[in-house]
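**Q** My file is my_file.txt. It has compact mmCIF, C-alpha atoms and all ligand atoms:
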# COMPACT_ATOMS: atom_id res chain seq x y z
CA MET A 1398 102.30 115.07 119.64
CA ILE A 1399 101.60 112.35 117.08
CA ASP A 1400 98.68 110.00 117.71
CA TRP A 1401 100.63 106.92 116.54
CA LYS A 1402 97.71 104.50 116.75
CA ASN A 1403 95.51 106.59 114.48
CA LEU A 1404 98.06 107.54 111.84
CA GLY A 1405 96.92 107.22 108.26
CA PHE A 1406 99.15 106.95 105.20
CA GLY A 1407 100.02 110.60 104.67
CA TYR A 1408 102.87 113.09 104.75
CA ILE A 1409 104.00 114.43 108.10
CA ARG A 1410 106.93 116.80 108.21
CA THR A 1411 110.01 115.30 109.83
CA ASP A 1412 113.22 117.03 110.94
CA ARG A 1413 115.66 116.46 108.11
CA ASN A 1414 116.18 114.85 104.73
CA VAL A 1415 119.34 113.96 102.81
CA ARG A 1416 120.38 114.78 99.25
CA SER A 1417 123.11 114.14 96.73
CA THR A 1418 123.57 115.66 93.28
CA TRP A 1419 125.05 114.14 90.15
CA THR A 1420 127.17 116.56 88.18
CA ASP A 1421 130.19 115.91 85.96
CA GLY A 1422 129.71 112.18 86.18
CA SER A 1423 129.68 111.56 89.93
CA TRP A 1424 127.51 111.80 93.04
CA SER A 1425 128.31 114.46 95.62
CA PRO A 1426 128.72 113.56 99.31
CA LEU A 1427 125.35 113.43 101.10
CA GLU A 1428 124.04 116.73 102.38
CA THR A 1429 121.54 117.12 105.21
CA THR A 1430 118.86 119.79 105.17
CA ASP A 1431 115.78 120.77 107.12
CA SER A 1432 114.11 122.21 104.02
CA GLU A 1433 111.17 120.36 102.50
CA TYR A 1434 111.68 122.15 99.19
CA LEU A 1435 113.85 121.64 96.11
CA THR A 1436 115.02 124.46 93.87
CA LEU A 1437 114.63 123.32 90.28
CA HIS A 1438 115.41 124.67 86.86
CA MET A 1439 112.15 125.19 84.99
CA ALA A 1440 113.45 123.09 82.08
CA SER A 1441 114.42 120.12 84.30
CA THR A 1442 113.75 116.82 82.55
CA CYS A 1443 111.79 115.54 85.57
CA LEU A 1444 109.17 118.22 84.94
CA HIS A 1445 108.86 117.84 81.17
CA TYR A 1446 109.90 114.34 80.19
CA GLY A 1447 109.16 112.33 83.30
CA GLN A 1448 112.72 111.49 84.33
CA GLU A 1449 111.59 110.54 87.81
CA ALA A 1450 111.90 107.40 89.92
CA PHE A 1451 110.93 106.71 93.48
CA GLU A 1452 111.04 103.90 96.01
CA GLY A 1453 109.15 103.04 99.16
CA LEU A 1454 110.50 101.04 102.07
CA LYS A 1455 109.94 100.99 105.80
CA ALA A 1456 111.79 101.07 109.11
CA PHE A 1457 110.23 99.34 112.13
CA ARG A 1458 110.95 99.74 115.83
CA GLY A 1459 111.03 96.32 117.47
CA LYS A 1460 110.03 95.25 120.95
CA ASP A 1461 113.78 94.94 121.61
CA GLY A 1462 114.11 98.68 120.81
CA LYS A 1463 116.16 98.00 117.65
CA VAL A 1464 115.22 99.71 114.41
CA ARG A 1465 115.17 97.57 111.28
CA ILE A 1466 114.89 98.63 107.64
CA PHE A 1467 113.25 95.93 105.54
CA ARG A 1468 114.96 94.79 102.31
CA LEU A 1469 116.94 97.91 101.61
CA GLU A 1470 119.15 96.20 99.01
CA GLU A 1471 116.18 95.01 96.92
CA ASN A 1472 114.75 98.53 96.87
CA ALA A 1473 118.15 99.86 95.81
CA ARG A 1474 118.34 97.31 93.00
CA ARG A 1475 114.89 98.27 91.78
CA MET A 1476 115.72 101.97 91.78
CA ILE A 1477 118.90 101.23 89.82
CA ARG A 1478 116.83 99.27 87.23
CA THR A 1479 114.34 102.14 87.01
CA ALA A 1480 117.17 104.65 86.56
CA GLU A 1481 118.78 102.58 83.84
CA TYR A 1482 115.51 102.17 81.89
CA THR A 1483 114.74 105.90 82.06
CA MET A 1484 118.37 106.85 81.31
CA MET A 1485 119.02 108.53 84.65
CA ALA A 1486 122.24 108.35 86.68
CA PRO A 1487 121.59 105.43 89.09
CA PRO A 1488 122.49 105.89 92.76
CA THR A 1489 125.16 103.42 93.84
CA MET A 1490 124.14 100.71 96.29
CA GLU A 1491 126.34 102.41 98.90
CA LEU A 1492 124.76 105.84 98.34
CA PHE A 1493 121.26 104.37 98.55
CA ARG A 1494 122.09 102.53 101.77
CA GLU A 1495 123.86 105.47 103.40
CA ALA A 1496 121.04 107.87 102.48
CA CYS A 1497 118.26 105.63 103.83
CA VAL A 1498 120.10 104.82 107.07
CA GLU A 1499 121.04 108.48 107.60
CA ALA A 1500 117.50 109.71 106.94
CA VAL A 1501 116.20 107.27 109.59
CA ARG A 1502 118.93 108.21 112.08
CA LEU A 1503 118.28 111.93 111.68
CA ASN A 1504 114.59 111.48 112.43
CA GLU A 1505 114.67 109.02 115.29
CA ARG A 1506 111.90 110.80 117.18
CA PHE A 1507 109.52 110.06 114.29
CA ILE A 1508 110.00 106.28 114.34
CA PRO A 1509 106.69 105.02 115.73
CA PRO A 1510 106.84 103.09 119.00
CA TYR A 1511 106.55 99.30 118.88
CA ASP A 1512 103.03 97.90 118.84
CA THR A 1513 101.28 100.97 117.49
CA GLY A 1514 100.90 99.37 114.04
CA ALA A 1515 102.74 102.35 112.55
CA SER A 1516 106.16 102.47 110.91
CA LEU A 1517 108.55 104.95 109.35
CA TYR A 1518 108.08 105.13 105.57
CA ILE A 1519 111.28 105.90 103.66
CA ARG A 1520 110.87 107.61 100.30
CA PRO A 1521 113.94 107.75 98.03
CA LEU A 1522 113.44 110.01 95.02
CA LEU A 1523 115.59 110.36 91.89
CA ILE A 1524 114.97 113.17 89.39
CA GLY A 1525 116.55 114.66 86.29
CA THR A 1526 117.40 118.25 87.24
CA GLY A 1527 119.45 119.29 84.21
CA ALA A 1528 117.74 121.56 81.68
CA GLN A 1529 116.77 120.13 78.28
CA VAL A 1530 114.22 121.22 75.71
CA GLY A 1531 114.87 118.44 73.21
CA VAL A 1532 113.76 115.00 74.36
CA LYS A 1533 117.04 113.84 75.84
CA PRO A 1534 118.25 112.60 79.21
CA ALA A 1535 119.46 115.28 81.63
CA THR A 1536 123.13 115.65 82.42
CA GLU A 1537 122.37 116.44 86.09
CA TYR A 1538 120.35 114.49 88.69
CA MET A 1539 119.28 114.78 92.27
CA PHE A 1540 118.76 111.91 94.74
CA VAL A 1541 116.73 112.74 97.84
CA VAL A 1542 115.61 110.55 100.74
CA PHE A 1543 112.96 111.72 103.17
CA VAL A 1544 111.00 109.81 105.79
CA THR A 1545 107.52 110.17 107.23
CA PRO A 1546 105.70 108.10 109.86
CA VAL A 1547 102.73 106.15 108.47
CA GLY A 1548 99.87 103.97 109.55
CA PRO A 1549 97.84 101.64 107.33
CA TYR A 1550 97.53 102.43 103.60
CA TYR A 1551 93.89 101.35 103.57
CA LYS A 1552 91.66 102.44 106.41
CA GLU A 1553 90.59 98.77 106.67
CA GLY A 1554 94.11 97.92 108.02
CA PHE A 1555 94.34 94.14 107.90
CA ARG A 1556 90.59 93.75 107.26
CA PRO A 1557 89.67 92.63 103.74
CA ILE A 1558 89.15 95.35 101.15
CA SER A 1559 86.83 95.33 98.13
CA VAL A 1560 88.35 96.13 94.74
CA MET A 1561 86.80 97.11 91.42
CA VAL A 1562 87.96 95.74 88.06
CA ASP A 1563 88.87 98.39 85.49
CA ARG A 1564 88.98 97.31 81.83
CA HIS A 1565 88.82 100.87 80.52
CA HIS A 1566 92.12 102.32 81.73
CA ASP A 1567 95.63 100.87 81.83
CA ARG A 1568 98.37 102.04 84.16
CA SER A 1569 101.08 100.69 81.88
CA ALA A 1570 101.71 98.74 78.67
CA PRO A 1571 103.30 95.30 78.22
CA LEU A 1572 106.51 96.73 76.72
CA GLY A 1573 106.28 99.98 78.69
CA THR A 1574 107.22 101.18 82.16
CA GLY A 1575 104.95 99.12 84.46
CA TRP A 1576 107.87 96.99 85.68
CA VAL A 1577 109.82 100.04 86.91
CA LYS A 1578 108.83 102.60 89.52
CA VAL A 1579 108.34 105.86 87.63
CA GLY A 1580 105.86 108.56 88.59
CA GLY A 1581 104.13 108.41 85.20
CA ASN A 1582 102.63 105.02 86.04
CA TYR A 1583 100.93 106.60 89.04
CA ALA A 1584 99.68 109.61 87.07
CA ALA A 1585 98.15 107.09 84.67
CA SER A 1586 96.39 105.37 87.56
CA LEU A 1587 94.85 108.41 89.24
CA LEU A 1588 91.64 108.68 87.18
CA SER A 1589 91.00 104.97 87.46
CA GLY A 1590 91.62 105.13 91.23
CA ASP A 1591 89.26 108.06 91.52
CA ILE A 1592 86.51 106.19 89.67
CA ALA A 1593 86.96 103.23 92.03
CA HIS A 1594 86.96 105.50 95.13
CA LYS A 1595 83.81 107.28 94.03
CA ALA A 1596 82.13 103.91 93.57
CA GLY A 1597 83.14 103.02 97.16
CA PHE A 1598 86.19 100.83 96.44
CA PRO A 1599 89.61 101.61 97.93
CA SER A 1600 91.45 100.11 94.96
CA THR A 1601 91.30 99.16 91.30
CA LEU A 1602 92.07 95.70 89.97
CA TYR A 1603 93.93 96.05 86.67
CA LEU A 1604 93.82 93.42 83.97
CA ASP A 1605 96.57 93.00 81.37
CA SER A 1606 96.46 95.89 78.94
CA ALA A 1607 96.81 93.79 75.76
CA GLU A 1608 93.91 91.34 76.11
CA LYS A 1609 92.12 92.07 79.41
CA LYS A 1610 92.29 88.34 79.99
CA TYR A 1611 94.81 88.13 82.82
CA ILE A 1612 95.04 89.69 86.27
CA ASP A 1613 97.82 92.29 86.55
CA GLU A 1614 97.85 94.02 89.93
CA SER A 1615 95.70 95.87 92.39
CA GLY A 1616 96.34 99.62 92.56
CA ALA A 1617 99.80 100.15 94.05
CA ALA A 1618 100.09 96.55 95.21
CA ASN A 1619 100.65 93.10 93.67
CA PHE A 1620 97.91 90.44 93.58
CA PHE A 1621 98.16 86.93 94.99
CA ALA A 1622 95.76 84.05 95.50
CA ILE A 1623 95.70 80.79 97.43
CA ARG A 1624 94.18 77.64 95.98
CA GLY A 1625 94.75 73.96 96.78
CA GLY A 1626 97.96 74.43 98.78
CA CYS A 1627 99.39 76.80 96.20
CA TYR A 1628 100.43 80.49 96.35
CA ILE A 1629 99.63 81.91 92.92
CA THR A 1630 100.75 85.33 91.71
CA PRO A 1631 100.78 86.96 88.28
CA LYS A 1632 103.88 87.03 86.12
CA SER A 1633 103.35 89.98 83.83
CA PRO A 1634 105.66 92.44 82.09
CA SER A 1635 103.42 95.36 83.08
CA ILE A 1636 103.37 94.94 86.86
CA LEU A 1637 105.88 96.23 89.40
CA PRO A 1638 107.97 93.37 90.83
CA SER A 1639 106.90 93.76 94.45
CA ILE A 1640 109.53 93.11 97.10
CA THR A 1641 106.77 92.20 99.55
CA ASN A 1642 105.47 89.62 97.07
CA MET A 1643 109.01 88.29 96.58
CA SER A 1644 109.23 87.87 100.38
CA LEU A 1645 105.80 86.22 100.61
CA ARG A 1646 106.79 83.70 97.93
CA ASP A 1647 109.72 82.64 100.13
CA LEU A 1648 107.51 82.45 103.23
CA ALA A 1649 104.81 80.52 101.34
CA ALA A 1650 107.45 77.98 100.24
CA ASP A 1651 108.66 77.74 103.87
CA PHE A 1652 105.07 76.90 104.90
CA GLY A 1653 105.01 74.07 102.35
CA LEU A 1654 102.80 75.84 99.83
CA ARG A 1655 103.70 75.41 96.17
CA VAL A 1656 104.50 78.74 94.55
CA GLU A 1657 103.29 79.55 91.05
CA GLN A 1658 104.33 82.78 89.38
CA ARG A 1659 102.60 82.73 86.01
CA ALA A 1660 99.95 84.39 83.88
CA VAL A 1661 96.76 84.26 85.95
CA GLU A 1662 93.51 84.32 84.00
CA PHE A 1663 90.71 86.50 85.35
CA ALA A 1664 88.45 83.49 84.67
CA GLU A 1665 90.28 81.63 87.48
CA LEU A 1666 89.09 84.15 90.06
CA PRO A 1667 86.02 82.20 91.29
CA SER A 1668 88.21 79.15 92.00
CA PHE A 1669 90.49 80.94 94.48
CA GLU A 1670 90.09 80.23 98.20
CA GLU A 1671 91.80 83.44 99.32
CA VAL A 1672 92.97 86.51 97.47
CA GLY A 1673 95.02 89.46 98.61
CA SER A 1674 97.12 92.40 97.62
CA CYS A 1675 100.60 93.07 98.92
CA GLY A 1676 103.12 95.89 98.96
CA THR A 1677 105.22 98.01 101.30
CA ALA A 1678 102.40 100.47 101.92
CA ALA A 1679 99.58 97.92 101.76
CA VAL A 1680 101.57 95.17 103.63
CA ILE A 1681 99.01 92.40 103.08
CA SER A 1682 95.54 93.63 102.39
CA PRO A 1683 93.27 90.65 102.01
CA ILE A 1684 90.68 91.09 99.28
CA GLY A 1685 87.18 90.16 100.42
CA LYS A 1686 85.31 91.12 97.27
CA VAL A 1687 86.07 91.79 93.62
CA TYR A 1688 83.41 93.78 91.79
CA ASP A 1689 83.30 93.51 88.01
CA PRO A 1690 81.18 96.44 86.77
CA ASP A 1691 81.18 95.25 83.13
CA GLU A 1692 79.65 91.90 84.03
CA GLY A 1693 77.69 93.28 86.99
CA LYS A 1694 79.18 90.52 89.17
CA THR A 1695 80.73 90.41 92.62
CA TYR A 1696 83.13 87.62 93.60
CA THR A 1697 83.40 87.01 97.35
CA PHE A 1698 86.28 85.26 99.11
CA GLY A 1699 85.70 83.47 102.40
CA ASP A 1700 82.98 85.36 104.24
CA GLY A 1701 84.14 88.60 102.57
CA VAL A 1702 84.73 90.19 105.97
CA ASN A 1703 87.48 88.19 107.71
CA PRO A 1704 90.96 87.43 106.36
CA GLY A 1705 91.55 83.83 105.32
CA PRO A 1706 93.95 81.59 107.29
CA TRP A 1707 96.87 81.76 104.83
CA CYS A 1708 96.62 85.54 104.61
CA VAL A 1709 96.78 85.66 108.42
CA LYS A 1710 99.76 83.32 108.57
CA LEU A 1711 101.67 85.19 105.86
CA TYR A 1712 100.87 88.57 107.43
CA GLU A 1713 101.87 87.51 110.95
CA THR A 1714 105.11 85.91 109.82
CA LEU A 1715 106.14 88.87 107.66
CA ARG A 1716 105.30 91.30 110.45
CA ALA A 1717 107.23 89.23 113.02
CA ILE A 1718 110.36 89.31 110.84
CA GLN A 1719 110.05 93.06 110.27
CA TYR A 1720 109.73 93.75 114.01
CA GLY A 1721 112.56 91.34 114.92
CA GLU A 1722 110.26 88.88 116.68
CA ALA A 1723 110.99 85.98 114.34
CA PRO A 1724 114.37 84.89 112.99
CA ASP A 1725 115.54 86.56 109.81
CA PRO A 1726 117.42 83.69 108.17
CA ARG A 1727 117.65 85.39 104.77
CA GLY A 1728 119.08 88.65 106.17
CA TRP A 1729 116.20 90.85 105.02
CA ASN A 1730 116.64 93.45 107.78
CA THR A 1731 119.28 96.17 108.07
CA ILE A 1732 119.68 97.21 111.71
CA VAL A 1733 120.14 100.95 112.16
CA GLU A 1734 122.75 101.89 114.73
CA PHE A 1735 122.19 105.12 116.66
N1 LIG B 1 102.81 97.51 92.57
C1 LIG B 1 102.88 98.84 92.50
C2 LIG B 1 102.32 99.51 91.29
C3 LIG B 1 103.45 99.59 93.54
O1 LIG B 1 103.49 100.92 93.51
C4 LIG B 1 103.96 98.91 94.66
C5 LIG B 1 104.60 99.64 95.75
O2 LIG B 1 105.78 99.80 95.80
C6 LIG B 1 103.88 97.51 94.68
C7 LIG B 1 103.30 96.85 93.64
C8 LIG B 1 104.44 96.75 95.83
O3 LIG B 1 105.82 96.69 95.78
P1 LIG B 1 106.68 96.54 97.10
O4 LIG B 1 106.23 95.30 97.76
O5 LIG B 1 108.08 96.42 96.61
O6 LIG B 1 106.45 97.75 97.90
C1 LIG B 2 104.53 101.43 98.31
O1 LIG B 2 103.94 100.42 98.66
O2 LIG B 2 105.62 101.79 98.79
C2 LIG B 2 104.00 102.25 97.24
O3 LIG B 2 104.74 102.71 96.43
C3 LIG B 2 102.58 102.48 97.19
C4 LIG B 2 102.19 103.92 96.98
C5 LIG B 2 102.28 104.73 98.22
C6 LIG B 2 102.85 104.55 95.80
What does this structure look like when you write it as structure tokens?
**A**
Amino acid sequence: MIDWKNLGFGYIRTDRNVRSTWTDGSWSPLETTDSEYLTLHMASTCLHYGQEAFEGLKAFRGKDGKVRIFRLEENARRMIRTAEYTMMAPPTMELFREACVEAVRLNERFIPPYDTGASLYIRPLLIGTGAQVGVKPATEYMFVVFVTPVGPYYKEGFRPISVMVDRHHDRSAPLGTGWVKVGGNYAASLLSGDIAHKAGFPSTLYLDSAEKKYIDESGAANFFAIRGGCYITPKSPSILPSITNMSLRDLAADFGLRVEQRAVEFAELPSFEEVGSCGTAAVISPIGKVYDPDEGKTYTFGDGVNPGPWCVKLYETLRAIQYGEAPDPRGWNTIVEF
């Protein structure tokens, strides 16, 4: 029996996952399995040369009992971009959609009940499975979608988190892979994340890798700030274009905020009224404090303990759309039929 209200962000085995393989230039029909394991050739390109892409999206059970997947098409588009940049066979939009919907349908009993704060995390994975020893793309690929029920990414939930600036490690380079969702970016962030955790901070704040002058993103989430009626978020070639952030920019504009997506100097930090991080896993995690260990300074936002009013409004509106409690005029939700 799952304790829905106390779920963390971890892996829980569900009943089934779905898979398709790319051989001879096309994707196979989806297969369903109850195995959590993959059988791989030891020379698979995913193991040696990092031909690996993943996505993260969520399904929510509404008060009306309907199950909605949030922004499935945008996640598909991003996986296709990642596949193209890393020379992997991209899943088609139809395959991506069918696999996500099917994985949710097959695991209905794991979709958390409404009002528990939990949701069903959907994890599409694309890997090069063909054998190569020379540095070349594989000729065979596997696309897998599994699901697992999750609670909040940070134990703080919607309470503000404290983040630590890291000028000594970069997760990606300006002309590198930061803008696509490949596993290597996360391997590159593990040591930095561990340093932050050991210092008592749930997340790192990365600055741009070229000059350390601009704010990039916060761990596995984008950064945004509110100042003078404006929603400000970094435009940087080395951050992942967050679909949550894309959605918040639309909501911010609906609320009458101006929206600025531009290079954001770290020096602007003290002038912000509210700051936050956003992503599928993190939803909106307001940032209460930013600690800069090089300068020995802490920047506090609001009272550092409670979320600011715009963070609350953005969070509540986003959440209401995801759970089907507010209209969805832009068609962000895909309703899963059972
Ligand atoms: N930035 C990074 C590095 C991420 O891993 C994620 C998570 O997917 C995000 C930002 C947020 O993106 P999204 O809102 O599309 O989940
Ligand atoms: C997400 O928000 O989906 C992420 O990818 C964050 C992390 C779990 C990798």
**Q** For A:Ser1441, which of A:Val1579, A:Met1539, A:Met1398, A:Val1709 is the closest residue, counting all atoms listed in the file?
**A**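 For A:Ser1441, the nearest of the given residues is A:Met1539.
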**Q** Near A:Leu1435, within 12 Å and counting all atoms listed in the file, which residues show up once chain neighbours fewer than 2 positions away are dropped, as a list in words?
**A** Asn1414, Val1415, Arg1416, Ser1417, Thr1418, Thr1430, Asp1431, Ser1432, Glu1433, Leu1437, His1438, Met1439, Ser1441, Leu1522, Ile1524, Thr1526, Met1539, Phe1540 and Val1541 of chain A
**Q** At a cut-off of 9 Å around ligand LIG 1 (chain B), and using all atoms listed in the file, what residues come up? Please write them as a ChimeraX atom specification.
**A** /A:1451-1454,1471-1472,1475,1568,1575-1578,1582-1583,1614-1620,1636-1644,1674-1680
**Q** For A:Tyr1446, which residue among A:Leu1602, A:Val1661, A:Ala1535, A:Ala1622 is the nearest when counting all atoms listed in the file?
**A**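 Going through A:Leu1602, A:Val1661, A:Ala1535, A:Ala1622 one by one, the smallest distance to A:Tyr1446 is for A:Ala1535.
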**Q** Give me the residues near A:Gly1531 as a PDB file with C-alpha atoms, keeping the file's coordinate frame, where near means some atom within 12 Å (using only C-alpha atoms) and where sequence neighbours in that chain fewer than 2 positions away do not count.
**A**
ATOM      1  CA  ALA A1440     113.450 123.090  82.080  1.00  0.00           C
ATOM      2  CA  SER A1441     114.420 120.120  84.300  1.00  0.00           C
ATOM      3  CA  THR A1442     113.750 116.820  82.550  1.00  0.00           C
ATOM      4  CA  HIS A1445     108.860 117.840  81.170  1.00  0.00           C
ATOM      5  CA  TYR A1446     109.900 114.340  80.190  1.00  0.00           C
ATOM      6  CA  GLY A1527     119.450 119.290  84.210  1.00  0.00           C
ATOM      7  CA  ALA A1528     117.740 121.560  81.680  1.00  0.00           C
ATOM      8  CA  GLN A1529     116.770 120.130  78.280  1.00  0.00           C
ATOM      9  CA  LYS A1533     117.040 113.840  75.840  1.00  0.00           C
ATOM     10  CA  PRO A1534     118.250 112.600  79.210  1.00  0.00           C
ATOM     11  CA  ALA A1535     119.460 115.280  81.630  1.00  0.00           C
TER      12      ALA A1535
END
**Q** With distances taken over all atoms listed in the file, which of A:Gly1554, A:Pro1667, A:Gly1462, A:Gly1580 is nearest to ligand LIG 2 (chain B)?
**A**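 Among the listed residues, the smallest separation from ligand LIG 2 (chain B) belongs to A:Gly1580.
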